[in-house]
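Heads up, the thing below is written out as structure tokens.
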Amino acid sequence: MPVQHYTVRESTRARRVILRILPHGRLEVVIPAGFSRRRIPEIVREHSGWIQQTLEKMKSRSGGFPDGSSSIPDMIHLRAVNLHYPVRFTQTCDGTVKLTQTGDHGLELVGNSGEIEAGIQLLRRWLRHQGRLHLIPWLHGVAEELGLSFTKARILHQKSRWGSCSGKGTISLNQDLLFLPPELVRYILVHELCHTLHLNHSREFWAHVAVHEPDFKSLDAQVNRARAFVPQWAGKC
Ligand SMILES: [Zn+2]
């Protein structure tokens, strides 16, 4: 294997040497403070197999990363609230997977290329948190506007439903709603809130929906096709 080009970064937080492959395939060697740089070439050589493998995987999937049906997204677009989050995925030879939000609108996922599933789980957990931040206040707002009330709201990751309303007035919303256009999300919120009055799809229920959302027929049809808005990494439960 040819000698690998790399950059060295000294970190006061690093407790040992960590190799990272940054986006675009650049190798970065993170060393603890005071670590002798003369030892680096040997460490890089020892890990040449891992480096080569990881780079090849990166190349074989343009812009994406390895095996399995899902890959880590480069960008997360929460259409419902018009927010874009670039995702920086840094591969390390380390076994841990970590997700941090950098600034307001960037995500950094650090992990081993063999841990794609774990990384995706972290992104889904982040998505659920975004659901609590955005969807629940939105539901409160629409409830107020409609003059309707609910007992409790929660964010779930349901396979086949965008939302539901229980007999006790608990409204559950799917975290994947964040990927839908805002008018569809609003329609779903109206729909679930009307279920607090009618726990069925009776004529009375639809009459009530129509008062608040005259275009409900077209919106309901669009909602049934809306899974297409959900990216692959987010969609599987
Ligand atoms: Zn319904």
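Naming works like this for the structure tokens: A, B, ... for the chains as they're shown, residue 1 at the start of each chain, ligands 1 onward in shown order.
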
What do you get as a list in words if you pick all residues at most 9 Å from ligand 1, counting only C-alpha atoms and all ligand atoms? Gly163, Ser164, Cys165, Ile188, His191, Glu192, Cys194, His195, Leu199, Asn200, His201 and Phe205 of chain A

Selected residues, C-alpha atoms, written as a short mmCIF file (atom, residue, chain, number, x, y, z; two decimals), in the first residue's frame, please.
```
data_model
loop_
_atom_site.label_atom_id
_atom_site.label_comp_id
_atom_site.auth_asym_id
_atom_site.auth_seq_id
_atom_site.Cartn_x
_atom_site.Cartn_y
_atom_site.Cartn_z
CA GLY A 163 -50.77 10.01 13.87
CA SER A 164 -53.44 8.63 16.14
CA CYS A 165 -55.78 9.73 18.88
CA ILE A 188 -52.79 15.59 10.03
CA HIS A 191 -57.40 15.40 11.53
CA GLU A 192 -56.16 14.04 14.88
CA CYS A 194 -61.03 16.31 15.25
CA HIS A 195 -60.75 12.75 16.55
CA LEU A 199 -63.18 8.69 17.50
CA ASN A 200 -64.13 7.34 14.08
CA HIS A 201 -64.27 8.33 10.43
CA PHE A 205 -66.08 13.52 11.80
#
```

So that I can see what lies close to A:Arg15, please list as a PyMOL selection string the residues with an atom at most 10 Å from it, counting only C-alpha atoms and leaving out residues fewer than 3 positions away in the same chain. chain A and resi 11-12+18+30-33+35

Could you go through stretch 71-222 of chain A and tell me which residues DSSP, when run on the backbone, assigns to alpha helix (DSSP H), listing them as a PyMOL selection string? chain A and resi 116-146+182-194+203-212+216-222

Pick out each residue of stretch 11-206 of chain A that DSSP on the backbone tags as strand (DSSP E or B); I need them as a ChimeraX atom specification. /A:11,18-21,27-32,75-78,83-92,98-102,106-111,152-156,163-165,170-174

Please build the interface table for stretch 50-164 of chain A against stretch 214-228 of chain A with a cut-off of 12 Å, listing for each qualifying residue the nearest atom pair and the distance in Å to one decimal; count only C-alpha atoms, order rows by chain and increasing number, and write it as JSON lines.
```
{"residue": "A:Lys159", "atom": "CA", "partner": "A:Arg227", "partner_atom": "CA", "distance": 10.3}
{"residue": "A:Ser160", "atom": "CA", "partner": "A:Arg227", "partner_atom": "CA", "distance": 9.3}
{"residue": "A:Arg161", "atom": "CA", "partner": "A:Asn224", "partner_atom": "CA", "distance": 9.7}
{"residue": "A:Trp162", "atom": "CA", "partner": "A:Val223", "partner_atom": "CA", "distance": 8.6}
{"residue": "A:Gly163", "atom": "CA", "partner": "A:Val223", "partner_atom": "CA", "distance": 11.1}
```

Can you write out the residues you just picked, keeping N, CA and C atoms, as a compact mmCIF listing (two decimals), in the first residue's frame?
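Saved as selection_12.txt:
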```
# COMPACT_ATOMS: atom_id res chain seq x y z
N LYS A 159 -44.87 2.51 12.26
CA LYS A 159 -44.60 2.04 10.92
C LYS A 159 -45.61 2.55 9.91
N SER A 160 -46.87 2.49 10.26
CA SER A 160 -47.87 2.71 9.22
C SER A 160 -48.82 3.87 9.50
N ARG A 161 -48.59 4.61 10.56
CA ARG A 161 -49.52 5.71 10.82
C ARG A 161 -48.76 7.00 11.04
N TRP A 162 -49.38 8.07 10.56
CA TRP A 162 -48.78 9.40 10.76
C TRP A 162 -49.17 9.95 12.13
N GLY A 163 -50.33 9.52 12.57
CA GLY A 163 -50.77 10.01 13.87
C GLY A 163 -51.93 9.17 14.34
```

Env of A:Leu99: 12 Å cut, atoms = only C-alpha atoms, seq-sep filter 2 positions within chain, self excluded. Answer as an NGL selection string. :A and (72 or 87-90 or 96-97 or 101-102 or 106-111 or 118-127)

Grab the residues selected above and save them as a compact mmCIF listing (two decimals), in the first residue's frame with C-alpha atoms.
```txt
# COMPACT_ATOMS: atom_id res chain seq x y z
CA ILE A 72 -25.70 7.95 6.63
CA VAL A 87 -24.39 15.78 8.51
CA ARG A 88 -20.65 15.40 8.75
CA PHE A 89 -19.77 11.76 9.11
CA THR A 90 -16.28 11.08 10.35
CA THR A 96 -17.95 4.10 19.74
CA VAL A 97 -20.58 6.06 17.86
CA GLN A 101 -25.13 18.97 17.14
CA THR A 102 -22.64 21.61 16.10
CA GLY A 106 -25.03 20.95 11.77
CA LEU A 107 -24.71 17.39 12.96
CA GLU A 108 -21.50 15.54 13.48
CA LEU A 109 -21.56 11.78 13.60
CA VAL A 110 -18.35 10.11 14.58
CA GLY A 111 -18.10 6.38 14.37
CA ALA A 118 -25.84 2.41 15.40
CA GLY A 119 -25.28 5.76 13.70
CA ILE A 120 -28.69 5.61 12.07
CA GLN A 121 -30.28 4.78 15.43
CA LEU A 122 -28.69 7.93 16.86
CA LEU A 123 -30.06 10.02 13.98
CA ARG A 124 -33.53 8.58 14.55
CA ARG A 125 -33.33 9.40 18.23
CA TRP A 126 -32.31 12.95 17.29
CA LEU A 127 -35.31 13.07 14.93
```

Contact residues around A:Thr170 with only C-alpha atoms at 12 Å, ignoring same-chain residues under 3 positions, as an MDAnalysis selection string: chainID A and resid 136 139 149:155 163:167 173 192:193 195:196 199

Among listed residues A:His134, A:Ile43, A:Leu148, A:Leu156, nearest A:His208 (using only C-alpha atoms):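 Among A:His134, A:Ile43, A:Leu148, A:Leu156, it is A:Leu148 that comes nearest to A:His208.
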
For A:Asn112, which residue among A:Leu19, A:Leu177, A:Val8, A:Ala14 is the nearest when counting only C-alpha atoms?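 Ranking A:Leu19, A:Leu177, A:Val8, A:Ala14 by distance to A:Asn112, first place goes to A:Leu19.
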
Contacts of A:Leu27 at 7 Å (only C-alpha atoms; same-chain gap of 3+ positions) as number ranges by chain: A: 5-7, 20-22

Could you write those residues out with N, CA and C atoms, as a CSV table (one decimal), in the first residue's frame?
```csv
chain,number,residue,atom,x,y,z
A,5,HIS,N,-1.2,9.8,2.9
A,5,HIS,CA,-1.0,11.2,3.3
A,5,HIS,C,-2.0,11.4,4.4
A,6,TYR,N,-1.6,12.1,5.4
A,6,TYR,CA,-2.5,12.4,6.5
A,6,TYR,C,-2.1,13.7,7.2
A,7,THR,N,-3.0,14.2,8.0
A,7,THR,CA,-2.8,15.3,8.8
A,7,THR,C,-2.8,14.9,10.3
A,20,ARG,N,-8.9,8.9,11.9
A,20,ARG,CA,-10.3,9.3,11.4
A,20,ARG,C,-10.2,9.5,9.9
A,21,ILE,N,-11.2,9.0,9.2
A,21,ILE,CA,-11.2,9.4,7.8
A,21,ILE,C,-12.3,10.4,7.6
A,22,LEU,N,-11.9,11.6,7.2
A,22,LEU,CA,-12.8,12.7,7.1
A,22,LEU,C,-13.5,12.6,5.7
```

Within 7 Å of A:Ile76 using only C-alpha atoms, minus same-chain residues under 6 positions, as number ranges by chain: A: 84-86

Would you save the residues from that selection as a compact mmCIF listing (two decimals), in the first residue's frame, using N, CA and C atoms?
```
# COMPACT_ATOMS: atom_id res chain seq x y z
N HIS A 84 -32.57 22.73 7.34
CA HIS A 84 -31.59 21.83 6.73
C HIS A 84 -30.47 21.57 7.73
N TYR A 85 -30.12 20.32 7.90
CA TYR A 85 -29.01 19.97 8.78
C TYR A 85 -27.97 19.18 8.00
N PRO A 86 -26.85 19.80 7.67
CA PRO A 86 -25.78 19.00 7.05
C PRO A 86 -25.23 18.00 8.07
```

Pairwise distance for atom CA of A:Cys93 and atom CA of A:His129, rounded to one decimal in Å: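 Computed distance, atom CA of A:Cys93 to atom CA of A:His129, equals 28.3 Å.
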
Of the listed residues A:Leu178, A:Val230, A:Val185, A:Val190, that which approaches A:Gly131 most closely, counting only C-alpha atoms: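 Among A:Leu178, A:Val230, A:Val185, A:Val190, it is A:Leu178 that comes nearest to A:Gly131.
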
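When only C-alpha atoms are used to measure the gap to A:Ile171, the shortest distance among A:Glu183, A:Leu146, A:His140, A:Glu204 belongs to A:His140.
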